[in-house]
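Colleague: Sharing a structure, written as structure tokens. Questions coming.
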There are 2 protein chains.
Amino acid sequence: MKKIVDISWPISEKSTEYKNRKTIVFEQVKTIEKDNVRETILTFHAHSGTHIDLPSHMIEQKSSEIITLEKLVQVPTCILDFSHIEEKVTQTDLEQYDHLITKGVSILLKTRNSNLSFDAPFNSNFVYLASDAAAYLVTKEISLIGIDYLGIERNQPGHPTHKLLLQNNIVILEGLRLQGVTEGKYLLTCLPLSVSGIDALPARAILEPIV
Amino acid sequence: MKKIVDISWPISEKSTEYKNRKTIVFEQVKTIEKDNVRETILTFHAHSGTHIDLPSHMIEQKSSEIITLEKLVQVPTCILDFSHIEEKVTQTDLEQYDHLITKGVSILLKTRNSNLSFDAPFNSNFVYLASDAAAYLVTKEISLIGIDYLGIERNQPGHPTHKLLLQNNIVILEGLRLQGVTEGKYLLTCLPLSVSGIDALPARAILEPIV
């Protein structure tokens, strides 16, 4: 049987939320006792848990927000382990992997963020992707960049990391959980909900080892 | 490039909801103009759009609700075309495909439901799976049954179709869109959000033709 590694952030009312906002609510509206069925209405911020940032999250005019599913199903992916880094992943850090960062590939950044539990208080000192690293990934024409926290950027006025990536159609995948995954090559499948007209897509993401 | 067929029900504030309830709300809480970022909080019924019914939807005591992802990723699947049927798919209808309905397989039912647009008023006369057909699928030990409407059952007191399937660990996948798909064999991948503690899992579902 195939081996599948779930790298998704569990969503529950306990889950860590960005800057400790509290948006996740599961409201049980029918119960077995009274209604013979159990039903729940979900409320959560579109940027909760594992999700794709869409261009409209940061860019005023962006004509198309269609992410073709072919870019998200069984795509060649490298996990790069930056667990030793304290603050941010820079271009210099990425250049060590220059031979792996090739056109059309997906890159997932494993950092010390993955050591935090899914329901820990929000850590405002999370490791992020520096803007020079984003510019480097644009020149390399990668397809997707993922990170193991609820944001890919902090402490950069004007959000240059987000804007560089989104303006160049690089998919941003946030909210991954990579603690159990070792550096190497995998196939990534990330299926977002079919939601239209908003600025992020909640998603499930899995890896399959390349054998 | 691989061919992927999206069979998911789009979720928007216009989408058809079960019995015309109105639960889907996209609340824009930040705007580019005021906040430099656009952010949205989603609210929707867990049984909106494409979703998996969990045992706790119908059964009071169900020890485990873990659906292993191996049952949902690239699984051998038959689309059966019952577009000619007016009311319900019965055991007799399924028995025509007895040779295809084998242990561990997934079955998706294409019916006239797929002709309805994703935002049409709720159709209370949708084609459903009769309880004798559910019992037949239990004896065949299939893995998953999907249907192209927001429910798999109507007009059956006590919900025997749901209960037979759920008690026997057959995954119920509701809210598919199969109009553009022809009868035959495919690989199905259905990734639900990583949500725990509720009665349904919103999901994205795709097919890949077997070549």
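Order determines the names: the first chain of the structure tokens is A, the second B, and so forth; residues in each chain are numbered 1 upward, and ligands are numbered 1 upward as they are shown.
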So that I can check the surroundings of region 208-211 of chain B, please list as a list in words every protein, DNA and RNA residue that reaches within 7 Å of it, counting only C-alpha atoms and ignoring chain neighbours fewer than 5 positions away.
Modeller: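 That gives Lys3, Ile4, Val5, Lys185, Tyr186, Leu187 and Leu188 of chain B.
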Colleague: Give the residues of chain B that lie within 9 Å of chain A; count only C-alpha atoms, and format the answer as a tab-separated table (two decimals) with all heavy atoms, in the first residue's frame.
Modeller:
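Now in selection10.tsv:
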chain	number	residue	atom	x	y	z
B	1	MET	N	1.48	16.50	-19.88
B	1	MET	CA	1.00	16.86	-18.54
B	1	MET	C	-0.23	16.02	-18.18
B	1	MET	O	-1.05	15.71	-19.03
B	1	MET	CB	0.62	18.35	-18.52
B	1	MET	CG	0.20	18.84	-17.13
B	1	MET	SD	-0.23	20.59	-17.11
B	1	MET	CE	1.27	21.31	-16.47
B	2	LYS	N	-0.30	15.65	-16.91
B	2	LYS	CA	-1.42	14.80	-16.50
B	2	LYS	C	-2.75	15.52	-16.66
B	2	LYS	O	-2.83	16.75	-16.58
B	2	LYS	CB	-1.22	14.34	-15.06
B	2	LYS	CG	-1.35	15.46	-14.02
B	2	LYS	CD	-1.40	14.89	-12.61
B	2	LYS	CE	-0.04	14.48	-12.09
B	2	LYS	NZ	0.86	15.61	-11.79
B	3	LYS	N	-3.78	14.75	-16.90
B	3	LYS	CA	-5.12	15.33	-17.05
B	3	LYS	C	-5.88	15.14	-15.75
B	3	LYS	O	-5.98	14.03	-15.23
B	3	LYS	CB	-5.85	14.62	-18.20
B	3	LYS	CG	-7.25	15.15	-18.45
B	3	LYS	CD	-7.78	14.67	-19.78
B	3	LYS	CE	-9.30	14.79	-19.86
B	3	LYS	NZ	-9.79	16.14	-19.58
B	4	ILE	N	-6.40	16.23	-15.24
B	4	ILE	CA	-7.14	16.19	-13.99
B	4	ILE	C	-8.53	16.73	-14.21
B	4	ILE	O	-8.72	17.78	-14.83
B	4	ILE	CB	-6.40	17.02	-12.91
B	4	ILE	CG1	-5.10	16.32	-12.54
B	4	ILE	CG2	-7.27	17.22	-11.68
B	4	ILE	CD1	-4.19	17.15	-11.69
B	5	VAL	N	-9.52	15.99	-13.73
B	5	VAL	CA	-10.91	16.42	-13.85
B	5	VAL	C	-11.42	16.78	-12.46
B	5	VAL	O	-11.47	15.93	-11.56
B	5	VAL	CB	-11.78	15.30	-14.46
B	5	VAL	CG1	-13.21	15.79	-14.66
B	5	VAL	CG2	-11.19	14.81	-15.78
B	6	ASP	N	-11.78	18.03	-12.31
B	6	ASP	CA	-12.30	18.49	-11.02
B	6	ASP	C	-13.78	18.11	-10.92
B	6	ASP	O	-14.58	18.47	-11.77
B	6	ASP	CB	-12.14	20.01	-10.94
B	6	ASP	CG	-12.43	20.57	-9.55
B	6	ASP	OD1	-12.66	19.78	-8.61
B	6	ASP	OD2	-12.41	21.80	-9.41
B	8	SER	N	-15.59	18.68	-8.05
B	8	SER	CA	-16.00	19.28	-6.79
B	8	SER	C	-17.10	20.32	-7.01
B	8	SER	O	-17.16	20.97	-8.05
B	8	SER	CB	-14.81	19.96	-6.11
B	8	SER	OG	-13.70	19.08	-6.09
B	9	TRP	N	-17.91	20.50	-6.00
B	9	TRP	CA	-19.00	21.48	-6.03
B	9	TRP	C	-18.45	22.83	-5.59
B	9	TRP	O	-17.95	22.94	-4.46
B	9	TRP	CB	-20.08	21.04	-5.06
B	9	TRP	CG	-21.43	21.64	-5.29
B	9	TRP	CD1	-21.77	22.97	-5.25
B	9	TRP	CD2	-22.64	20.93	-5.59
B	9	TRP	NE1	-23.10	23.13	-5.50
B	9	TRP	CE2	-23.66	21.89	-5.71
B	9	TRP	CE3	-22.95	19.58	-5.75
B	9	TRP	CZ2	-24.98	21.55	-5.99
B	9	TRP	CZ3	-24.27	19.24	-6.03
B	9	TRP	CH2	-25.26	20.21	-6.15
B	10	PRO	N	-18.50	23.85	-6.44
B	10	PRO	CA	-17.96	25.15	-6.02
B	10	PRO	C	-18.73	25.71	-4.82
B	10	PRO	O	-19.96	25.63	-4.76
B	10	PRO	CB	-18.19	26.04	-7.26
B	10	PRO	CG	-18.39	25.09	-8.40
B	10	PRO	CD	-19.03	23.87	-7.80
B	11	ILE	N	-17.98	26.25	-3.89
B	11	ILE	CA	-18.58	26.85	-2.70
B	11	ILE	C	-18.50	28.37	-2.83
B	11	ILE	O	-17.42	28.94	-2.91
B	11	ILE	CB	-17.86	26.40	-1.42
B	11	ILE	CG1	-17.96	24.88	-1.25
B	11	ILE	CG2	-18.43	27.12	-0.19
B	11	ILE	CD1	-17.18	24.35	-0.07
B	12	SER	N	-19.67	28.99	-2.87
B	12	SER	CA	-19.74	30.45	-2.83
B	12	SER	C	-21.05	30.79	-2.13
B	12	SER	O	-21.85	29.91	-1.83
B	12	SER	CB	-19.69	31.05	-4.23
B	12	SER	OG	-20.94	30.91	-4.87
B	23	THR	N	-26.39	29.07	4.84
B	23	THR	CA	-25.33	29.12	5.86
B	23	THR	C	-24.03	29.72	5.35
B	23	THR	O	-23.19	30.11	6.14
B	23	THR	CB	-25.01	27.70	6.38
B	23	THR	OG1	-24.37	26.95	5.34
B	23	THR	CG2	-26.27	26.97	6.84
B	26	PHE	N	-19.26	34.72	3.37
B	26	PHE	CA	-17.86	35.13	3.27
B	26	PHE	C	-17.80	36.57	3.80
B	26	PHE	O	-18.27	37.49	3.14
B	26	PHE	CB	-17.36	35.10	1.83
B	26	PHE	CG	-17.35	33.73	1.19
B	26	PHE	CD1	-17.13	33.59	-0.18
B	26	PHE	CD2	-17.55	32.57	1.93
B	26	PHE	CE1	-17.10	32.34	-0.77
B	26	PHE	CE2	-17.52	31.31	1.34
B	26	PHE	CZ	-17.30	31.20	-0.03
B	28	GLN	N	-15.67	39.68	4.57
B	28	GLN	CA	-14.36	40.31	4.36
B	28	GLN	C	-14.04	41.18	5.57
B	28	GLN	O	-14.72	42.16	5.84
B	28	GLN	CB	-14.37	41.13	3.07
B	28	GLN	CG	-12.96	41.46	2.59
B	28	GLN	CD	-12.93	42.10	1.21
B	28	GLN	OE1	-13.71	41.73	0.34
B	28	GLN	NE2	-12.04	43.05	1.02
B	31	THR	N	-9.38	44.86	4.25
B	31	THR	CA	-9.35	45.27	2.84
B	31	THR	C	-8.00	45.90	2.51
B	31	THR	O	-7.33	46.46	3.37
B	31	THR	CB	-10.45	46.31	2.54
B	31	THR	OG1	-10.17	47.50	3.29
B	31	THR	CG2	-11.83	45.78	2.90
B	32	ILE	N	-7.63	45.78	1.23
B	32	ILE	CA	-6.37	46.37	0.77
B	32	ILE	C	-6.38	47.88	1.07
B	32	ILE	O	-5.37	48.44	1.54
B	32	ILE	CB	-6.21	46.15	-0.76
B	32	ILE	CG1	-6.23	44.66	-1.11
B	32	ILE	CG2	-4.95	46.85	-1.26
B	32	ILE	CD1	-4.93	43.94	-0.97
B	33	GLU	N	-7.50	48.53	0.82
B	33	GLU	CA	-7.58	49.99	0.97
B	33	GLU	C	-7.26	50.41	2.41
B	33	GLU	O	-6.50	51.35	2.64
B	33	GLU	CB	-9.00	50.48	0.60
B	33	GLU	CG	-9.40	50.21	-0.86
B	33	GLU	CD	-9.67	48.74	-1.17
B	33	GLU	OE1	-9.99	47.97	-0.24
B	33	GLU	OE2	-9.54	48.34	-2.36
B	36	ASN	N	-4.11	47.15	3.89
B	36	ASN	CA	-3.02	46.66	3.01
B	36	ASN	C	-3.07	45.15	2.76
B	36	ASN	O	-2.23	44.63	2.03
B	36	ASN	CB	-1.64	47.04	3.56
B	36	ASN	CG	-1.43	48.54	3.55
B	36	ASN	OD1	-1.76	49.21	2.57
B	36	ASN	ND2	-0.93	49.07	4.64
B	37	VAL	N	-4.00	44.48	3.36
B	37	VAL	CA	-4.21	43.05	3.04
B	37	VAL	C	-5.71	42.80	2.99
B	37	VAL	O	-6.50	43.50	3.63
B	37	VAL	CB	-3.60	42.09	4.10
B	37	VAL	CG1	-2.09	42.20	4.13
B	37	VAL	CG2	-4.18	42.37	5.48
B	38	ARG	N	-6.07	41.79	2.22
B	38	ARG	CA	-7.47	41.38	2.15
B	38	ARG	C	-7.60	40.05	2.89
B	38	ARG	O	-6.82	39.13	2.65
B	38	ARG	CB	-7.91	41.23	0.69
B	38	ARG	CG	-9.39	40.95	0.49
B	38	ARG	CD	-9.73	40.79	-0.98
B	38	ARG	NE	-9.81	42.05	-1.70
B	38	ARG	CZ	-8.96	42.48	-2.62
B	38	ARG	NH1	-7.95	41.73	-2.98
B	38	ARG	NH2	-9.12	43.64	-3.20
B	39	GLU	N	-8.56	39.98	3.80
B	39	GLU	CA	-8.77	38.74	4.56
B	39	GLU	C	-10.26	38.49	4.73
B	39	GLU	O	-11.05	39.43	4.84
B	39	GLU	CB	-8.10	38.82	5.94
B	39	GLU	CG	-6.58	38.89	5.87
B	39	GLU	CD	-5.91	38.92	7.23
B	39	GLU	OE1	-6.62	38.79	8.26
B	39	GLU	OE2	-4.69	39.10	7.27
B	40	THR	N	-10.60	37.22	4.79
B	40	THR	CA	-12.01	36.82	4.80
B	40	THR	C	-12.22	35.74	5.84
B	40	THR	O	-11.39	34.84	5.99
B	40	THR	CB	-12.41	36.27	3.41
B	40	THR	OG1	-12.08	37.23	2.42
B	40	THR	CG2	-13.91	35.97	3.35
B	41	ILE	N	-13.31	35.84	6.55
B	41	ILE	CA	-13.73	34.74	7.44
B	41	ILE	C	-14.87	33.99	6.76
B	41	ILE	O	-15.83	34.59	6.27
B	41	ILE	CB	-14.16	35.28	8.82
B	41	ILE	CG1	-12.92	35.83	9.56
B	41	ILE	CG2	-14.84	34.20	9.65
B	41	ILE	CD1	-13.22	36.42	10.92
B	42	LEU	N	-14.72	32.68	6.70
B	42	LEU	CA	-15.70	31.81	6.05
B	42	LEU	C	-16.64	31.21	7.07
B	42	LEU	O	-16.19	30.74	8.13
B	42	LEU	CB	-15.00	30.64	5.36
B	42	LEU	CG	-13.80	30.91	4.47
B	42	LEU	CD1	-13.26	29.60	3.92
B	42	LEU	CD2	-14.22	31.83	3.35
B	43	THR	N	-17.90	31.15	6.73
B	43	THR	CA	-18.84	30.36	7.50
B	43	THR	C	-19.63	29.49	6.53
B	43	THR	O	-20.08	29.96	5.49
B	43	THR	CB	-19.83	31.26	8.28
B	43	THR	OG1	-19.08	32.03	9.23
B	43	THR	CG2	-20.87	30.43	9.03
B	44	PHE	N	-19.73	28.21	6.84
B	44	PHE	CA	-20.56	27.32	6.02
B	44	PHE	C	-20.86	26.03	6.78
B	44	PHE	O	-20.12	25.61	7.66
B	44	PHE	CB	-19.92	27.00	4.66
B	44	PHE	CG	-18.53	26.42	4.72
B	44	PHE	CD1	-18.34	25.05	4.72
B	44	PHE	CD2	-17.42	27.25	4.77
B	44	PHE	CE1	-17.06	24.51	4.77
B	44	PHE	CE2	-16.14	26.72	4.82
B	44	PHE	CZ	-15.96	25.35	4.82
B	45	HIS	N	-21.97	25.45	6.41
B	45	HIS	CA	-22.39	24.16	6.96
B	45	HIS	C	-21.38	23.10	6.53
B	45	HIS	O	-20.97	23.08	5.37
B	45	HIS	CB	-23.78	23.84	6.41
B	45	HIS	CG	-24.52	22.80	7.17
B	45	HIS	ND1	-24.15	21.48	7.13
B	45	HIS	CD2	-25.59	22.87	7.99
B	45	HIS	CE1	-24.99	20.78	7.89
B	45	HIS	NE2	-25.87	21.60	8.44
B	46	ALA	N	-20.99	22.23	7.46
B	46	ALA	CA	-19.99	21.21	7.13
B	46	ALA	C	-20.44	20.30	6.00
B	46	ALA	O	-19.61	19.67	5.33
B	46	ALA	CB	-19.66	20.37	8.37
B	47	HIS	N	-21.74	20.22	5.75
B	47	HIS	CA	-22.26	19.39	4.66
B	47	HIS	C	-22.51	20.22	3.39
B	47	HIS	O	-23.32	19.84	2.55
B	47	HIS	CB	-23.53	18.67	5.10
B	47	HIS	CG	-23.31	17.70	6.24
B	47	HIS	ND1	-23.26	16.32	6.06
B	47	HIS	CD2	-23.10	17.90	7.55
B	47	HIS	CE1	-23.05	15.73	7.22
B	47	HIS	NE2	-22.96	16.67	8.16
B	49	GLY	N	-21.38	21.77	-0.27
B	49	GLY	CA	-20.49	21.38	-1.37
B	49	GLY	C	-20.05	19.93	-1.27
B	49	GLY	O	-20.74	19.07	-0.70
B	50	THR	N	-18.89	19.65	-1.82
B	50	THR	CA	-18.33	18.30	-1.77
B	50	THR	C	-17.85	18.00	-0.34
B	50	THR	O	-17.12	18.79	0.24
B	50	THR	CB	-17.14	18.20	-2.74
B	50	THR	OG1	-17.58	18.61	-4.05
B	50	THR	CG2	-16.60	16.79	-2.79
B	56	SER	N	-20.42	9.99	12.82
B	56	SER	CA	-21.11	10.75	13.87
B	56	SER	C	-22.25	11.61	13.33
B	56	SER	O	-23.02	12.17	14.10
B	56	SER	CB	-20.12	11.62	14.65
B	56	SER	OG	-19.58	12.61	13.82
B	57	HIS	N	-22.37	11.71	12.01
B	57	HIS	CA	-23.51	12.42	11.42
B	57	HIS	C	-24.82	11.71	11.76
B	57	HIS	O	-25.86	12.35	11.93
B	57	HIS	CB	-23.30	12.47	9.90
B	57	HIS	CG	-24.40	13.14	9.12
B	57	HIS	ND1	-25.05	14.28	9.55
B	57	HIS	CD2	-24.94	12.83	7.92
B	57	HIS	CE1	-25.95	14.64	8.64
B	57	HIS	NE2	-25.91	13.77	7.65
B	58	MET	N	-24.75	10.38	11.88
B	58	MET	CA	-25.99	9.60	12.01
B	58	MET	C	-25.98	8.61	13.18
B	58	MET	O	-27.03	8.13	13.58
B	58	MET	CB	-26.20	8.77	10.73
B	58	MET	CG	-26.54	9.59	9.51
B	58	MET	SD	-28.29	10.07	9.51
B	58	MET	CE	-28.37	11.01	7.97
B	59	ILE	N	-24.80	8.26	13.66
B	59	ILE	CA	-24.71	7.17	14.63
B	59	ILE	C	-24.25	7.73	15.97
B	59	ILE	O	-23.27	8.48	16.04
B	59	ILE	CB	-23.70	6.10	14.14
B	59	ILE	CG1	-24.17	5.54	12.79
B	59	ILE	CG2	-23.56	4.99	15.16
B	59	ILE	CD1	-23.14	4.66	12.11
B	60	GLU	N	-24.96	7.39	17.02
B	60	GLU	CA	-24.68	7.97	18.33
B	60	GLU	C	-23.30	7.55	18.85
B	60	GLU	O	-22.49	8.37	19.22
B	60	GLU	CB	-25.77	7.58	19.33
B	60	GLU	CG	-25.62	8.24	20.68
B	60	GLU	CD	-25.37	9.75	20.56
B	60	GLU	OE1	-26.07	10.39	19.76
B	60	GLU	OE2	-24.49	10.26	21.24
B	69	LEU	N	-6.06	8.24	4.88
B	69	LEU	CA	-5.91	8.92	3.60
B	69	LEU	C	-5.62	7.94	2.46
B	69	LEU	O	-5.92	8.23	1.30
B	69	LEU	CB	-4.80	9.98	3.70
B	69	LEU	CG	-5.17	11.19	4.56
B	69	LEU	CD1	-3.96	12.09	4.77
B	69	LEU	CD2	-6.31	11.99	3.92
B	70	GLU	N	-5.07	6.78	2.80
B	70	GLU	CA	-4.82	5.79	1.76
B	70	GLU	C	-6.11	5.37	1.05
B	70	GLU	O	-6.07	4.93	-0.10
B	70	GLU	CB	-4.13	4.54	2.35
B	70	GLU	CG	-2.64	4.72	2.63
B	70	GLU	CD	-2.33	5.52	3.89
B	70	GLU	OE1	-3.28	5.85	4.64
B	70	GLU	OE2	-1.15	5.83	4.13
B	73	VAL	N	-6.69	8.51	-1.76
B	73	VAL	CA	-5.70	9.04	-2.70
B	73	VAL	C	-5.45	8.04	-3.83
B	73	VAL	O	-5.04	6.91	-3.60
B	73	VAL	CB	-4.38	9.36	-1.97
B	73	VAL	CG1	-3.30	9.80	-2.97
B	73	VAL	CG2	-4.61	10.45	-0.93
B	158	GLY	N	-35.65	6.86	9.16
B	158	GLY	CA	-34.56	6.24	9.91
B	158	GLY	C	-33.22	6.25	9.20
B	158	GLY	O	-32.24	5.76	9.74
B	190	CYS	N	-9.49	12.35	-3.22
B	190	CYS	CA	-10.39	13.23	-2.48
B	190	CYS	C	-9.69	13.61	-1.18
B	190	CYS	O	-9.46	12.76	-0.34
B	190	CYS	CB	-11.69	12.48	-2.20
B	190	CYS	SG	-12.74	13.35	-1.02
B	191	LEU	N	-9.32	14.86	-1.07
B	191	LEU	CA	-8.66	15.29	0.17
B	191	LEU	C	-9.58	16.20	0.96
B	191	LEU	O	-9.91	17.30	0.52
B	191	LEU	CB	-7.34	16.00	-0.15
B	191	LEU	CG	-6.19	15.12	-0.62
B	191	LEU	CD1	-4.91	15.96	-0.75
B	191	LEU	CD2	-5.95	13.94	0.31
B	192	PRO	N	-9.99	15.75	2.14
B	192	PRO	CA	-10.82	16.58	3.02
B	192	PRO	C	-9.95	17.50	3.87
B	192	PRO	O	-8.79	17.19	4.13
B	192	PRO	CB	-11.52	15.55	3.91
B	192	PRO	CG	-10.55	14.43	4.01
B	192	PRO	CD	-9.79	14.39	2.69
B	193	LEU	N	-10.50	18.61	4.31
B	193	LEU	CA	-9.80	19.43	5.28
B	193	LEU	C	-9.48	18.59	6.52
B	193	LEU	O	-10.21	17.67	6.87
B	193	LEU	CB	-10.66	20.63	5.71
B	193	LEU	CG	-10.87	21.75	4.69
B	193	LEU	CD1	-11.56	22.93	5.38
B	193	LEU	CD2	-9.57	22.20	4.05
B	194	SER	N	-8.40	18.96	7.19
B	194	SER	CA	-8.02	18.27	8.43
B	194	SER	C	-8.78	18.87	9.60
B	194	SER	O	-8.23	19.59	10.42
B	194	SER	CB	-6.51	18.40	8.63
B	194	SER	OG	-6.12	17.74	9.81
B	195	VAL	N	-10.06	18.57	9.65
B	195	VAL	CA	-10.93	19.08	10.71
B	195	VAL	C	-11.30	17.91	11.60
B	195	VAL	O	-11.59	16.83	11.11
B	195	VAL	CB	-12.20	19.71	10.12
B	195	VAL	CG1	-13.06	20.31	11.21
B	195	VAL	CG2	-11.85	20.78	9.10
B	196	SER	N	-11.27	18.12	12.90
B	196	SER	CA	-11.63	17.01	13.78
B	196	SER	C	-12.76	17.42	14.72
B	196	SER	O	-12.95	18.60	15.02
B	196	SER	CB	-10.41	16.57	14.60
B	196	SER	OG	-9.90	17.66	15.33
B	197	GLY	N	-13.51	16.41	15.14
B	197	GLY	CA	-14.54	16.66	16.13
B	197	GLY	C	-15.89	17.05	15.56
B	197	GLY	O	-16.77	17.48	16.31
B	198	ILE	N	-16.06	16.92	14.23
B	198	ILE	CA	-17.37	17.25	13.66
B	198	ILE	C	-17.88	16.09	12.82
B	198	ILE	O	-17.27	15.03	12.78
B	198	ILE	CB	-17.32	18.55	12.85
B	198	ILE	CG1	-16.30	18.44	11.73
B	198	ILE	CG2	-17.00	19.72	13.77
B	198	ILE	CD1	-16.42	19.56	10.73
B	199	ASP	N	-18.99	16.30	12.13
B	199	ASP	CA	-19.77	15.22	11.53
B	199	ASP	C	-19.63	15.13	10.02
B	199	ASP	O	-20.26	14.26	9.39
B	199	ASP	CB	-21.24	15.39	11.91
B	199	ASP	CG	-21.65	16.85	11.82
B	199	ASP	OD1	-21.97	17.30	10.71
B	199	ASP	OD2	-21.60	17.55	12.85
B	200	ALA	N	-18.85	16.00	9.41
B	200	ALA	CA	-18.62	15.95	7.96
B	200	ALA	C	-17.31	16.66	7.68
B	200	ALA	O	-16.89	17.53	8.43
B	200	ALA	CB	-19.76	16.63	7.21
B	202	PRO	N	-15.49	18.84	4.73
B	202	PRO	CA	-15.44	19.50	3.42
B	202	PRO	C	-14.20	19.05	2.66
B	202	PRO	O	-13.13	18.89	3.27
B	202	PRO	CB	-15.35	20.99	3.78
B	202	PRO	CG	-15.85	21.08	5.20
B	202	PRO	CD	-15.47	19.78	5.85
B	203	ALA	N	-14.33	18.84	1.34
B	203	ALA	CA	-13.26	18.18	0.60
B	203	ALA	C	-13.18	18.70	-0.84
B	203	ALA	O	-14.13	19.29	-1.36
B	203	ALA	CB	-13.49	16.68	0.57
B	204	ARG	N	-12.04	18.46	-1.45
B	204	ARG	CA	-11.88	18.62	-2.89
B	204	ARG	C	-11.72	17.24	-3.49
B	204	ARG	O	-11.00	16.40	-2.93
B	204	ARG	CB	-10.63	19.47	-3.19
B	204	ARG	CG	-10.45	19.85	-4.67
B	204	ARG	CD	-11.44	20.93	-5.06
B	204	ARG	NE	-11.24	21.52	-6.36
B	204	ARG	CZ	-10.66	22.71	-6.58
B	204	ARG	NH1	-10.17	23.40	-5.57
B	204	ARG	NH2	-10.56	23.20	-7.80
B	205	ALA	N	-12.36	17.00	-4.62
B	205	ALA	CA	-12.28	15.69	-5.24
B	205	ALA	C	-11.93	15.83	-6.72
B	205	ALA	O	-12.47	16.69	-7.42
B	205	ALA	CB	-13.60	14.94	-5.10
B	206	ILE	N	-11.00	15.00	-7.17
B	206	ILE	CA	-10.58	15.02	-8.58
B	206	ILE	C	-10.49	13.60	-9.12
B	206	ILE	O	-10.35	12.64	-8.38
B	206	ILE	CB	-9.19	15.70	-8.74
B	206	ILE	CG1	-8.12	14.94	-7.96
B	206	ILE	CG2	-9.25	17.16	-8.32
B	206	ILE	CD1	-6.71	15.39	-8.25
Colleague: Considering only C-alpha atoms, state which residue in the set A:Ile79, A:Val171, A:Leu129, A:Leu144 is at the smallest distance from Gln156 (chain A).
Modeller: A:Leu129
Colleague: Assign secondary structure with DSSP using the backbone only, and return the residues of region 16-199 of chain B in helix (DSSP H, G or I) as a ChimeraX atom specification.
Modeller: /B:18-20,32-35,55-57,69-71,91-95,112-115,131-140,160-167
Colleague: Using only C-alpha atoms, please write the residues we just selected to a file, as an mmCIF file, in the first residue's frame.
Modeller:
data_model
loop_
_atom_site.group_PDB
_atom_site.id
_atom_site.type_symbol
_atom_site.label_atom_id
_atom_site.label_comp_id
_atom_site.auth_asym_id
_atom_site.auth_seq_id
_atom_site.Cartn_x
_atom_site.Cartn_y
_atom_site.Cartn_z
ATOM 1 C CA TYR B 18 -29.407 21.439 1.314
ATOM 2 C CA LYS B 19 -33.095 22.308 1.622
ATOM 3 C CA ASN B 20 -32.208 25.884 0.671
ATOM 4 C CA ILE B 32 -6.374 46.375 0.766
ATOM 5 C CA GLU B 33 -7.585 49.988 0.975
ATOM 6 C CA LYS B 34 -7.667 50.159 4.756
ATOM 7 C CA ASP B 35 -5.398 47.361 5.935
ATOM 8 C CA PRO B 55 -20.278 8.185 11.184
ATOM 9 C CA SER B 56 -21.115 10.754 13.873
ATOM 10 C CA HIS B 57 -23.510 12.417 11.418
ATOM 11 C CA LEU B 69 -5.907 8.922 3.595
ATOM 12 C CA GLU B 70 -4.816 5.787 1.760
ATOM 13 C CA LYS B 71 -8.540 5.183 1.097
ATOM 14 C CA GLN B 91 -29.899 -3.007 -5.955
ATOM 15 C CA THR B 92 -31.274 -4.168 -9.307
ATOM 16 C CA ASP B 93 -29.715 -1.175 -11.022
ATOM 17 C CA LEU B 94 -26.337 -1.839 -9.416
ATOM 18 C CA GLU B 95 -26.407 -5.556 -10.200
ATOM 19 C CA ARG B 112 -29.585 13.462 -13.630
ATOM 20 C CA ASN B 113 -28.644 15.437 -10.486
ATOM 21 C CA SER B 114 -25.472 16.459 -12.325
ATOM 22 C CA ASN B 115 -27.546 18.416 -14.842
ATOM 23 C CA SER B 131 -31.420 1.197 1.124
ATOM 24 C CA ASP B 132 -31.441 -2.158 -0.693
ATOM 25 C CA ALA B 133 -28.652 -0.834 -2.895
ATOM 26 C CA ALA B 134 -26.700 0.251 0.194
ATOM 27 C CA ALA B 135 -27.088 -3.239 1.667
ATOM 28 C CA TYR B 136 -25.816 -4.712 -1.596
ATOM 29 C CA LEU B 137 -22.751 -2.447 -1.527
ATOM 30 C CA VAL B 138 -22.057 -3.577 2.046
ATOM 31 C CA THR B 139 -22.004 -7.208 0.942
ATOM 32 C CA LYS B 140 -19.625 -6.256 -1.863
ATOM 33 C CA PRO B 160 -31.106 3.258 6.496
ATOM 34 C CA THR B 161 -28.858 4.071 3.518
ATOM 35 C CA HIS B 162 -26.608 6.303 5.599
ATOM 36 C CA LYS B 163 -26.578 3.960 8.567
ATOM 37 C CA LEU B 164 -25.809 0.802 6.590
ATOM 38 C CA LEU B 165 -22.900 2.478 4.864
ATOM 39 C CA LEU B 166 -21.501 4.248 7.930
ATOM 40 C CA GLN B 167 -21.807 1.227 10.206
#
Colleague: Which residue out of B:Ile101, B:Leu150, B:Ala120, B:Val127 has the minimum interatomic distance to Val89 (chain B) when only C-alpha atoms are used?
Modeller: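 With only C-alpha atoms as the atom set, the closest residue is B:Val127.
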Colleague: When you count only C-alpha atoms, which of these residues is closest to Gly146 (chain A): A:Lys22, A:Thr77, A:Asn125, A:Gln179?
Modeller: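 Closest residue, counting only C-alpha atoms: A:Thr77.
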Colleague: Per DSSP on the backbone, what are the strand (DSSP E or B) residues of region 4-206 of chain B, as a PyMOL selection string?
Modeller: chain B and resi 5-6+8+11+25-30+39-45+51-53+75-81+88-89+106-110+128-129+144-147+171-174+176+184-192+195+200-206
Colleague: May I ask for the distance between CA of Leu178 (chain B) and CA of Lys110 (chain B), given in Å to one decimal place?
Modeller: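 Separation of CA of Leu178 (chain B) and CA of Lys110 (chain B): 6.0 Å.
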Colleague: Just the residues within 7 Å of Lys103 (chain A), please, counting only C-alpha atoms, with nothing from its chain fewer than 2 positions along; format it as number ranges by chain.
Modeller: A: 105, 140-142
Colleague: Counting only C-alpha atoms, what is within 10 Å of Thr111 (chain A), bar same-chain residues fewer than 2 positions away, as a list in words?
Modeller: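 Final neighbour list, sorted by chain and number: Leu80, Asp81, Phe82, Ser83, His84, Ile85, Glu86, Glu87, Lys88, Val89, Leu108, Leu109, Asn113, Ser114, Asn115, Phe126, Val127, Tyr128, Ile147, Asp148, Tyr149, Arg177, Leu178 and Gln179 of chain A.
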